[in-house]
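Text of the file upload.txt, holding compact mmCIF, N, CA and C atoms:
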# COMPACT_ATOMS: atom_id res chain seq x y z
N MET Z 1 0.84 -1.18 0.00
CA MET Z 1 0.00 0.00 0.00
C MET Z 1 0.89 1.25 0.00
N ALA Z 2 0.44 2.26 -0.75
CA ALA Z 2 1.21 3.50 -0.84
C ALA Z 2 1.24 4.23 0.50
N LYS Z 3 2.36 4.84 0.80
CA LYS Z 3 2.49 5.58 2.06
C LYS Z 3 1.90 6.97 1.95
N SER Z 4 1.76 7.48 0.74
CA SER Z 4 1.15 8.79 0.54
C SER Z 4 0.59 8.87 -0.88
N VAL Z 5 -0.27 9.85 -1.11
CA VAL Z 5 -0.89 10.05 -2.41
C VAL Z 5 -0.85 11.53 -2.74
N ASN Z 6 -0.46 11.84 -3.96
CA ASN Z 6 -0.48 13.20 -4.47
C ASN Z 6 -1.17 13.14 -5.82
N LYS Z 7 -2.48 13.37 -5.85
CA LYS Z 7 -3.24 13.24 -7.09
C LYS Z 7 -4.30 14.33 -7.17
N ALA Z 8 -4.35 14.97 -8.31
CA ALA Z 8 -5.37 15.97 -8.58
C ALA Z 8 -6.20 15.49 -9.76
N ILE Z 9 -7.50 15.68 -9.70
CA ILE Z 9 -8.42 15.35 -10.78
C ILE Z 9 -9.21 16.60 -11.08
N LEU Z 10 -9.13 17.08 -12.32
CA LEU Z 10 -9.79 18.32 -12.71
C LEU Z 10 -10.56 18.15 -14.01
N LEU Z 11 -11.70 18.80 -14.10
CA LEU Z 11 -12.50 18.86 -15.30
C LEU Z 11 -12.91 20.30 -15.47
N GLY Z 12 -12.51 20.91 -16.57
CA GLY Z 12 -12.81 22.33 -16.75
C GLY Z 12 -12.50 22.81 -18.14
N ASN Z 13 -12.45 24.14 -18.26
CA ASN Z 13 -12.20 24.77 -19.55
C ASN Z 13 -10.87 25.53 -19.52
N VAL Z 14 -10.16 25.43 -20.64
CA VAL Z 14 -8.86 26.08 -20.78
C VAL Z 14 -9.08 27.59 -20.87
N GLY Z 15 -8.30 28.34 -20.09
CA GLY Z 15 -8.49 29.78 -19.98
C GLY Z 15 -7.89 30.59 -21.11
N LYS Z 16 -6.79 30.14 -21.68
CA LYS Z 16 -6.17 30.82 -22.81
C LYS Z 16 -5.40 29.78 -23.62
N ASP Z 17 -5.01 30.14 -24.81
CA ASP Z 17 -4.28 29.19 -25.65
C ASP Z 17 -3.02 28.72 -24.92
N PRO Z 18 -2.73 27.41 -24.97
CA PRO Z 18 -1.55 26.87 -24.29
C PRO Z 18 -0.26 27.50 -24.82
N GLU Z 19 0.72 27.64 -23.92
CA GLU Z 19 2.04 28.16 -24.28
C GLU Z 19 3.01 26.99 -24.38
N THR Z 20 3.72 26.93 -25.48
CA THR Z 20 4.62 25.81 -25.76
C THR Z 20 6.06 26.28 -25.79
N HIS Z 21 6.95 25.48 -25.20
CA HIS Z 21 8.38 25.73 -25.34
C HIS Z 21 9.13 24.40 -25.22
N THR Z 22 10.40 24.44 -25.50
CA THR Z 22 11.23 23.24 -25.45
C THR Z 22 12.36 23.47 -24.46
N THR Z 23 12.65 22.45 -23.65
CA THR Z 23 13.75 22.56 -22.70
C THR Z 23 15.08 22.52 -23.45
N SER Z 24 16.16 22.84 -22.77
CA SER Z 24 17.48 22.78 -23.40
C SER Z 24 17.82 21.36 -23.82
N GLY Z 25 17.20 20.38 -23.18
CA GLY Z 25 17.42 18.98 -23.55
C GLY Z 25 16.52 18.49 -24.68
N GLY Z 26 15.64 19.37 -25.19
CA GLY Z 26 14.79 19.02 -26.32
C GLY Z 26 13.41 18.49 -25.95
N THR Z 27 13.04 18.52 -24.67
CA THR Z 27 11.72 18.03 -24.25
C THR Z 27 10.67 19.12 -24.46
N LEU Z 28 9.56 18.74 -25.10
CA LEU Z 28 8.46 19.67 -25.32
C LEU Z 28 7.70 19.86 -24.01
N VAL Z 29 7.40 21.13 -23.68
CA VAL Z 29 6.67 21.48 -22.47
C VAL Z 29 5.53 22.42 -22.86
N VAL Z 30 4.35 22.17 -22.28
CA VAL Z 30 3.21 23.04 -22.51
C VAL Z 30 2.68 23.52 -21.17
N ASN Z 31 2.45 24.82 -21.05
CA ASN Z 31 1.82 25.42 -19.87
C ASN Z 31 0.45 25.92 -20.27
N LEU Z 32 -0.54 25.70 -19.41
CA LEU Z 32 -1.88 26.19 -19.67
C LEU Z 32 -2.61 26.41 -18.37
N THR Z 33 -3.71 27.16 -18.43
CA THR Z 33 -4.54 27.38 -17.26
C THR Z 33 -5.89 26.72 -17.49
N LEU Z 34 -6.46 26.24 -16.39
CA LEU Z 34 -7.76 25.55 -16.45
C LEU Z 34 -8.68 26.18 -15.42
N ALA Z 35 -9.90 26.49 -15.84
CA ALA Z 35 -10.91 27.04 -14.94
C ALA Z 35 -11.87 25.93 -14.53
N THR Z 36 -12.08 25.79 -13.22
CA THR Z 36 -13.11 24.89 -12.71
C THR Z 36 -14.13 25.75 -11.98
N SER Z 37 -15.39 25.36 -12.07
CA SER Z 37 -16.45 26.16 -11.49
C SER Z 37 -17.23 25.38 -10.45
N ASP Z 38 -17.75 26.11 -9.48
CA ASP Z 38 -18.57 25.52 -8.43
C ASP Z 38 -19.77 26.44 -8.26
N ARG Z 39 -20.90 25.86 -7.91
CA ARG Z 39 -22.13 26.64 -7.72
C ARG Z 39 -22.66 26.36 -6.32
N TYR Z 40 -23.05 27.41 -5.63
CA TYR Z 40 -23.57 27.26 -4.28
C TYR Z 40 -24.62 28.33 -4.01
N LYS Z 41 -25.43 28.11 -2.97
CA LYS Z 41 -26.42 29.10 -2.56
C LYS Z 41 -25.85 29.96 -1.45
N ASP Z 42 -26.02 31.27 -1.58
CA ASP Z 42 -25.56 32.18 -0.53
C ASP Z 42 -26.60 32.26 0.59
N LYS Z 43 -26.35 33.10 1.60
CA LYS Z 43 -27.24 33.21 2.76
C LYS Z 43 -28.64 33.66 2.38
N GLN Z 44 -28.75 34.40 1.28
CA GLN Z 44 -30.06 34.88 0.83
C GLN Z 44 -30.78 33.85 -0.05
N GLY Z 45 -30.14 32.72 -0.32
CA GLY Z 45 -30.75 31.68 -1.15
C GLY Z 45 -30.52 31.86 -2.64
N ASN Z 46 -29.66 32.80 -3.01
CA ASN Z 46 -29.35 33.04 -4.43
C ASN Z 46 -28.18 32.17 -4.85
N TRP Z 47 -28.25 31.67 -6.07
CA TRP Z 47 -27.14 30.86 -6.61
C TRP Z 47 -25.97 31.75 -6.94
N GLN Z 48 -24.78 31.32 -6.53
CA GLN Z 48 -23.54 32.02 -6.82
C GLN Z 48 -22.58 31.06 -7.52
N ASP Z 49 -21.85 31.59 -8.48
CA ASP Z 49 -20.84 30.80 -9.17
C ASP Z 49 -19.46 31.21 -8.68
N SER Z 50 -18.59 30.23 -8.49
CA SER Z 50 -17.22 30.47 -8.04
C SER Z 50 -16.28 29.76 -9.00
N THR Z 51 -15.26 30.46 -9.46
CA THR Z 51 -14.31 29.88 -10.40
C THR Z 51 -12.93 29.82 -9.77
N GLU Z 52 -12.29 28.68 -9.91
CA GLU Z 52 -10.90 28.50 -9.47
C GLU Z 52 -10.03 28.34 -10.72
N TRP Z 53 -8.85 28.93 -10.71
CA TRP Z 53 -7.91 28.82 -11.82
C TRP Z 53 -6.75 27.93 -11.41
N HIS Z 54 -6.37 27.01 -12.28
CA HIS Z 54 -5.31 26.05 -12.00
C HIS Z 54 -4.24 26.16 -13.08
N ASN Z 55 -2.98 26.13 -12.67
CA ASN Z 55 -1.85 26.12 -13.60
C ASN Z 55 -1.50 24.68 -13.89
N LEU Z 56 -1.44 24.33 -15.18
CA LEU Z 56 -1.13 22.96 -15.60
C LEU Z 56 0.14 22.94 -16.44
N VAL Z 57 0.88 21.83 -16.34
CA VAL Z 57 2.09 21.62 -17.13
C VAL Z 57 2.04 20.21 -17.70
N ALA Z 58 2.39 20.08 -18.99
CA ALA Z 58 2.46 18.78 -19.64
C ALA Z 58 3.78 18.65 -20.38
N PHE Z 59 4.24 17.41 -20.50
CA PHE Z 59 5.51 17.12 -21.16
C PHE Z 59 5.33 16.07 -22.25
N LYS Z 60 6.29 16.03 -23.18
CA LYS Z 60 6.43 15.00 -24.20
C LYS Z 60 5.15 14.81 -25.01
N ARG Z 61 4.64 13.56 -25.12
CA ARG Z 61 3.50 13.25 -25.98
C ARG Z 61 2.23 13.99 -25.55
N THR Z 62 2.00 14.07 -24.25
CA THR Z 62 0.82 14.79 -23.77
C THR Z 62 0.92 16.26 -24.18
N ALA Z 63 2.11 16.84 -24.10
CA ALA Z 63 2.32 18.23 -24.54
C ALA Z 63 2.04 18.38 -26.03
N GLU Z 64 2.43 17.39 -26.83
CA GLU Z 64 2.16 17.43 -28.28
C GLU Z 64 0.66 17.45 -28.55
N ILE Z 65 -0.08 16.60 -27.85
CA ILE Z 65 -1.53 16.53 -28.04
C ILE Z 65 -2.17 17.87 -27.66
N ILE Z 66 -1.76 18.42 -26.54
CA ILE Z 66 -2.31 19.71 -26.12
C ILE Z 66 -1.96 20.79 -27.14
N ARG Z 67 -0.72 20.81 -27.58
CA ARG Z 67 -0.29 21.80 -28.58
C ARG Z 67 -1.14 21.70 -29.85
N ASP Z 68 -1.43 20.48 -30.29
CA ASP Z 68 -2.12 20.27 -31.56
C ASP Z 68 -3.64 20.38 -31.49
N TYR Z 69 -4.24 20.11 -30.32
CA TYR Z 69 -5.70 19.98 -30.26
C TYR Z 69 -6.41 20.85 -29.23
N VAL Z 70 -5.68 21.50 -28.35
CA VAL Z 70 -6.32 22.27 -27.28
C VAL Z 70 -6.14 23.76 -27.53
N LYS Z 71 -7.19 24.53 -27.27
CA LYS Z 71 -7.15 25.97 -27.41
C LYS Z 71 -8.02 26.59 -26.33
N LYS Z 72 -8.01 27.88 -26.25
CA LYS Z 72 -8.83 28.60 -25.27
C LYS Z 72 -10.28 28.12 -25.38
N GLY Z 73 -10.87 27.77 -24.24
CA GLY Z 73 -12.26 27.32 -24.20
C GLY Z 73 -12.44 25.82 -24.28
N SER Z 74 -11.41 25.08 -24.68
CA SER Z 74 -11.53 23.62 -24.77
C SER Z 74 -11.85 23.03 -23.41
N LYS Z 75 -12.75 22.03 -23.40
CA LYS Z 75 -13.06 21.32 -22.16
C LYS Z 75 -12.16 20.10 -22.10
N ILE Z 76 -11.43 19.96 -20.97
CA ILE Z 76 -10.52 18.83 -20.81
C ILE Z 76 -10.67 18.24 -19.41
N TYR Z 77 -10.30 16.98 -19.31
CA TYR Z 77 -10.23 16.25 -18.05
C TYR Z 77 -8.77 15.90 -17.84
N VAL Z 78 -8.23 16.20 -16.66
CA VAL Z 78 -6.83 15.87 -16.39
C VAL Z 78 -6.70 15.20 -15.03
N GLU Z 79 -5.72 14.33 -14.95
CA GLU Z 79 -5.26 13.77 -13.69
C GLU Z 79 -3.78 14.05 -13.62
N GLY Z 80 -3.31 14.37 -12.43
CA GLY Z 80 -1.90 14.66 -12.28
C GLY Z 80 -1.51 14.81 -10.83
N LYS Z 81 -0.29 15.30 -10.64
CA LYS Z 81 0.19 15.50 -9.28
C LYS Z 81 0.38 16.99 -9.03
N ILE Z 82 0.17 17.37 -7.78
CA ILE Z 82 0.31 18.76 -7.37
C ILE Z 82 1.77 19.01 -7.03
N GLN Z 83 2.29 20.12 -7.55
CA GLN Z 83 3.68 20.47 -7.30
C GLN Z 83 3.75 21.97 -6.99
N GLN Z 84 4.52 22.32 -5.99
CA GLN Z 84 4.69 23.72 -5.64
C GLN Z 84 6.14 24.13 -5.90
N GLN Z 85 6.31 25.25 -6.57
CA GLN Z 85 7.63 25.80 -6.83
C GLN Z 85 7.79 27.08 -6.01
N SER Z 86 9.01 27.37 -5.61
CA SER Z 86 9.27 28.63 -4.92
C SER Z 86 10.56 29.24 -5.47
N TRP Z 87 10.64 30.56 -5.40
CA TRP Z 87 11.82 31.28 -5.85
C TRP Z 87 11.84 32.64 -5.18
N ASP Z 88 12.98 33.28 -5.22
CA ASP Z 88 13.12 34.62 -4.67
C ASP Z 88 12.96 35.63 -5.80
N ASP Z 89 12.07 36.59 -5.60
CA ASP Z 89 11.84 37.65 -6.58
C ASP Z 89 13.12 38.47 -6.71
N LYS Z 90 13.62 38.64 -7.94
CA LYS Z 90 14.88 39.34 -8.16
C LYS Z 90 14.81 40.81 -7.78
N LYS Z 91 13.63 41.43 -7.94
CA LYS Z 91 13.50 42.86 -7.64
C LYS Z 91 13.31 43.13 -6.16
N THR Z 92 12.46 42.33 -5.51
CA THR Z 92 12.12 42.62 -4.10
C THR Z 92 12.80 41.69 -3.11
N GLY Z 93 13.31 40.57 -3.59
CA GLY Z 93 13.90 39.58 -2.69
C GLY Z 93 12.86 38.75 -1.96
N GLU Z 94 11.59 39.02 -2.24
CA GLU Z 94 10.48 38.34 -1.60
C GLU Z 94 10.33 36.91 -2.13
N LYS Z 95 9.98 35.99 -1.25
CA LYS Z 95 9.75 34.59 -1.64
C LYS Z 95 8.43 34.50 -2.39
N LYS Z 96 8.43 33.89 -3.57
CA LYS Z 96 7.24 33.71 -4.40
C LYS Z 96 6.94 32.22 -4.52
N TYR Z 97 5.66 31.91 -4.68
CA TYR Z 97 5.22 30.51 -4.79
C TYR Z 97 4.29 30.35 -5.97
N ARG Z 98 4.31 29.16 -6.55
CA ARG Z 98 3.40 28.82 -7.64
C ARG Z 98 3.04 27.35 -7.47
N THR Z 99 1.75 27.09 -7.47
CA THR Z 99 1.27 25.72 -7.40
C THR Z 99 0.79 25.32 -8.78
N GLN Z 100 1.19 24.14 -9.23
CA GLN Z 100 0.80 23.67 -10.56
C GLN Z 100 0.49 22.19 -10.51
N ILE Z 101 -0.23 21.74 -11.53
CA ILE Z 101 -0.56 20.33 -11.69
C ILE Z 101 0.27 19.79 -12.85
N ILE Z 102 1.06 18.76 -12.59
CA ILE Z 102 1.82 18.08 -13.63
C ILE Z 102 0.89 17.01 -14.21
N ILE Z 103 0.52 17.14 -15.47
CA ILE Z 103 -0.48 16.24 -16.08
C ILE Z 103 0.12 14.86 -16.34
N ASN Z 104 -0.57 13.84 -15.83
CA ASN Z 104 -0.21 12.44 -16.10
C ASN Z 104 -1.20 11.79 -17.06
N ASP Z 105 -2.44 12.26 -17.05
CA ASP Z 105 -3.51 11.66 -17.85
C ASP Z 105 -4.39 12.79 -18.37
N LEU Z 106 -4.79 12.69 -19.62
CA LEU Z 106 -5.54 13.75 -20.28
C LEU Z 106 -6.64 13.16 -21.14
N ALA Z 107 -7.82 13.76 -21.11
CA ALA Z 107 -8.89 13.42 -22.04
C ALA Z 107 -9.44 14.72 -22.61
N LEU Z 108 -9.52 14.80 -23.92
CA LEU Z 108 -10.09 15.97 -24.59
C LEU Z 108 -11.58 15.74 -24.72
N LEU Z 109 -12.37 16.63 -24.17
CA LEU Z 109 -13.82 16.43 -24.14
C LEU Z 109 -14.56 17.29 -25.14
N SER Z 110 -13.90 18.30 -25.69
CA SER Z 110 -14.52 19.09 -26.76
C SER Z 110 -13.50 19.16 -27.87
N GLY Z 111 -13.81 18.49 -28.95
CA GLY Z 111 -12.87 18.45 -30.06
C GLY Z 111 -13.54 18.87 -31.33
N SER Z 112 -12.76 18.87 -32.39
CA SER Z 112 -13.33 19.20 -33.69
C SER Z 112 -13.32 17.94 -34.54
N GLY Z 113 -14.45 17.26 -34.53
CA GLY Z 113 -14.61 16.08 -35.36
C GLY Z 113 -13.65 14.96 -35.03
N ASP Z 114 -12.91 14.51 -36.05
CA ASP Z 114 -12.03 13.36 -35.90
C ASP Z 114 -10.75 13.67 -35.14
N LYS Z 115 -10.50 14.93 -34.84
CA LYS Z 115 -9.26 15.29 -34.15
C LYS Z 115 -9.32 15.00 -32.65
N LYS Z 116 -10.47 14.54 -32.17
CA LYS Z 116 -10.61 14.25 -30.75
C LYS Z 116 -9.68 13.10 -30.38
N GLU Z 117 -8.86 13.32 -29.37
CA GLU Z 117 -7.85 12.34 -28.98
C GLU Z 117 -7.69 12.35 -27.48
N SER Z 118 -7.10 11.34 -26.94
CA SER Z 118 -6.75 11.37 -25.53
C SER Z 118 -5.41 10.70 -25.34
N SER Z 119 -4.78 11.06 -24.25
CA SER Z 119 -3.49 10.49 -23.89
C SER Z 119 -3.61 9.97 -22.47
N SER Z 120 -3.09 8.79 -22.24
CA SER Z 120 -3.12 8.28 -20.87
C SER Z 120 -1.98 7.32 -20.68
N LYS Z 121 -1.85 6.86 -19.45
CA LYS Z 121 -0.81 5.89 -19.14
C LYS Z 121 -1.01 4.62 -19.96
N ARG Z 122 -2.26 4.31 -20.31
CA ARG Z 122 -2.53 3.12 -21.12
C ARG Z 122 -1.86 3.21 -22.48
N ASP Z 123 -1.73 4.46 -23.02
CA ASP Z 123 -1.10 4.63 -24.32
C ASP Z 123 0.35 4.16 -24.33
N GLU Z 124 0.98 4.19 -23.16
CA GLU Z 124 2.39 3.84 -23.08
C GLU Z 124 2.63 2.34 -22.96
N ALA Z 125 1.57 1.56 -22.71
CA ALA Z 125 1.74 0.12 -22.54
C ALA Z 125 1.86 -0.55 -23.90
N PRO Z 126 2.97 -1.20 -24.20
CA PRO Z 126 3.14 -1.82 -25.50
C PRO Z 126 2.21 -3.02 -25.66
N GLY Z 127 1.67 -3.17 -26.87
CA GLY Z 127 0.86 -4.33 -27.17
C GLY Z 127 -0.59 -4.22 -26.73
N ILE Z 128 -0.99 -3.11 -26.14
CA ILE Z 128 -2.38 -2.93 -25.72
C ILE Z 128 -3.00 -1.87 -26.60
N ASN Z 129 -4.17 -2.18 -27.15
CA ASN Z 129 -4.90 -1.17 -27.91
C ASN Z 129 -6.30 -1.03 -27.35
N ASN Z 130 -7.10 -0.14 -27.94
CA ASN Z 130 -8.42 0.14 -27.39
C ASN Z 130 -9.33 -1.08 -27.33
N GLU Z 131 -9.18 -2.04 -28.24
CA GLU Z 131 -10.01 -3.24 -28.25
C GLU Z 131 -9.69 -4.13 -27.04
N ASP Z 132 -8.51 -4.01 -26.47
CA ASP Z 132 -8.12 -4.81 -25.33
C ASP Z 132 -8.67 -4.30 -24.01
N ILE Z 133 -9.15 -3.06 -24.00
CA ILE Z 133 -9.61 -2.45 -22.76
C ILE Z 133 -11.09 -2.79 -22.60
N PRO Z 134 -11.50 -3.35 -21.45
CA PRO Z 134 -12.87 -3.86 -21.29
C PRO Z 134 -13.92 -2.81 -21.00
N PHE Z 135 -13.60 -1.54 -21.01
CA PHE Z 135 -14.62 -0.51 -20.73
C PHE Z 135 -14.58 0.59 -21.74

What does this structure look like when you write it as structure tokens?
Amino acid sequence: MAKSVNKAILLGNVGKDPETHTTSGGTLVVNLTLATSDRYKDKQGNWQDSTEWHNLVAFKRTAEIIRDYVKKGSKIYVEGKIQQQSWDDKKTGEKKYRTQIIINDLALLSGSGDKKESSSKRDEAPGINNEDIPF
């Protein structure tokens, strides 16, 4: 049994077109933001909407799929791990923090026709195709 778990599951809409770059080692990286919404009733009984923004990062094949098929407004489902980065601001010397989700699994839920694709850990298993999966 695992001693700890670090897993995030998100379903939402992409806030702006993904930003793509390549590391010095040649690995493709994509950064994007995802909006998730929640609805609740306030004290007066009126419905209120609340939006949370999440920073997402994808690498390699998942980054390629996002680069090729995801744009502002796309609905996606992601699973990943939560990671926090910290650094010292060069101007103020103040400690800065950024929380992001490193994407491990992706499903595109709004696509354009045949371009709808998904990437998951199952894609990496050799010899397994969609007909082999029982669901």

Q) Interatomic distance between atom CA of Z:Ile9 and atom N of Z:Ile65? A) 19.0 Å

Q | Atom pair atom C of Z:Phe59 / atom C of Z:Val5: separation (Å) | A | 21.0 Å

(Q) Rounded to one decimal, what separation in Å do you get between atom CA of Z:Ser74 and atom CA of Z:Leu109? (A) 7.6 Å

Q: Could you pull out the residues in chain Z that DSSP calls helix (DSSP H, G or I) from the backbone, as a PyMOL selection string?
A: chain Z and resi 60-69+113-115+121-124+130-132

Any chance you could tabulate, as JSON lines, the residues of stretch 26-130 of chain Z at most 7 Å from stretch 11-20 of chain Z with each one's nearest atom pair and distance in Å to one decimal, using all atoms listed in the file, in chain and rising number order?
{"residue": "Z:Leu28", "atom": "C", "partner": "Z:Thr20", "partner_atom": "C", "distance": 6.9}
{"residue": "Z:Val29", "atom": "C", "partner": "Z:Thr20", "partner_atom": "CA", "distance": 4.6}
{"residue": "Z:Val30", "atom": "CA", "partner": "Z:Glu19", "partner_atom": "C", "distance": 4.4}
{"residue": "Z:Asn31", "atom": "N", "partner": "Z:Glu19", "partner_atom": "C", "distance": 4.0}
{"residue": "Z:Leu32", "atom": "CA", "partner": "Z:Pro18", "partner_atom": "CA", "distance": 4.7}
{"residue": "Z:Thr33", "atom": "C", "partner": "Z:Gly15", "partner_atom": "N", "distance": 3.9}
{"residue": "Z:Leu34", "atom": "CA", "partner": "Z:Asn13", "partner_atom": "C", "distance": 4.4}
{"residue": "Z:Ala35", "atom": "N", "partner": "Z:Asn13", "partner_atom": "C", "distance": 3.9}
{"residue": "Z:Thr36", "atom": "CA", "partner": "Z:Gly12", "partner_atom": "CA", "distance": 4.8}
{"residue": "Z:Ser37", "atom": "N", "partner": "Z:Gly12", "partner_atom": "CA", "distance": 6.1}
{"residue": "Z:Ile66", "atom": "C", "partner": "Z:Pro18", "partner_atom": "CA", "distance": 6.7}
{"residue": "Z:Arg67", "atom": "CA", "partner": "Z:Pro18", "partner_atom": "CA", "distance": 6.8}
{"residue": "Z:Val70", "atom": "C", "partner": "Z:Pro18", "partner_atom": "N", "distance": 5.6}
{"residue": "Z:Lys71", "atom": "C", "partner": "Z:Asp17", "partner_atom": "CA", "distance": 4.6}
{"residue": "Z:Lys72", "atom": "CA", "partner": "Z:Lys16", "partner_atom": "C", "distance": 4.0}
{"residue": "Z:Gly73", "atom": "N", "partner": "Z:Val14", "partner_atom": "C", "distance": 3.8}
{"residue": "Z:Ser74", "atom": "C", "partner": "Z:Val14", "partner_atom": "N", "distance": 4.0}
{"residue": "Z:Lys75", "atom": "CA", "partner": "Z:Gly12", "partner_atom": "C", "distance": 4.3}
{"residue": "Z:Ile76", "atom": "N", "partner": "Z:Gly12", "partner_atom": "C", "distance": 4.2}
{"residue": "Z:Tyr77", "atom": "CA", "partner": "Z:Leu11", "partner_atom": "CA", "distance": 4.4}
{"residue": "Z:Val78", "atom": "N", "partner": "Z:Leu11", "partner_atom": "N", "distance": 5.0}

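All protein and nucleic acid residues in the vicinity of (1.2, 18.9, -15.9), that is within 6 Å when counting all atoms listed in the file, are Leu56, Val57, Ala58, Phe59, Ile101, Ile102, Ile103 and Asn104 of chain Z.
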
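Closest approach to Z:Leu106 among Z:Tyr69, Z:Gly93, Z:Trp53, Z:Gly80 is made by Z:Gly80 (distances from only N, CA and C atoms).
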
(Q) Based on the backbone DSSP call, show me all residues of chain Z assigned strand (DSSP E or B), as a PyMOL selection string. (A) chain Z and resi 8-14+19-22+28-41+47-59+75-88+95-108+118-119
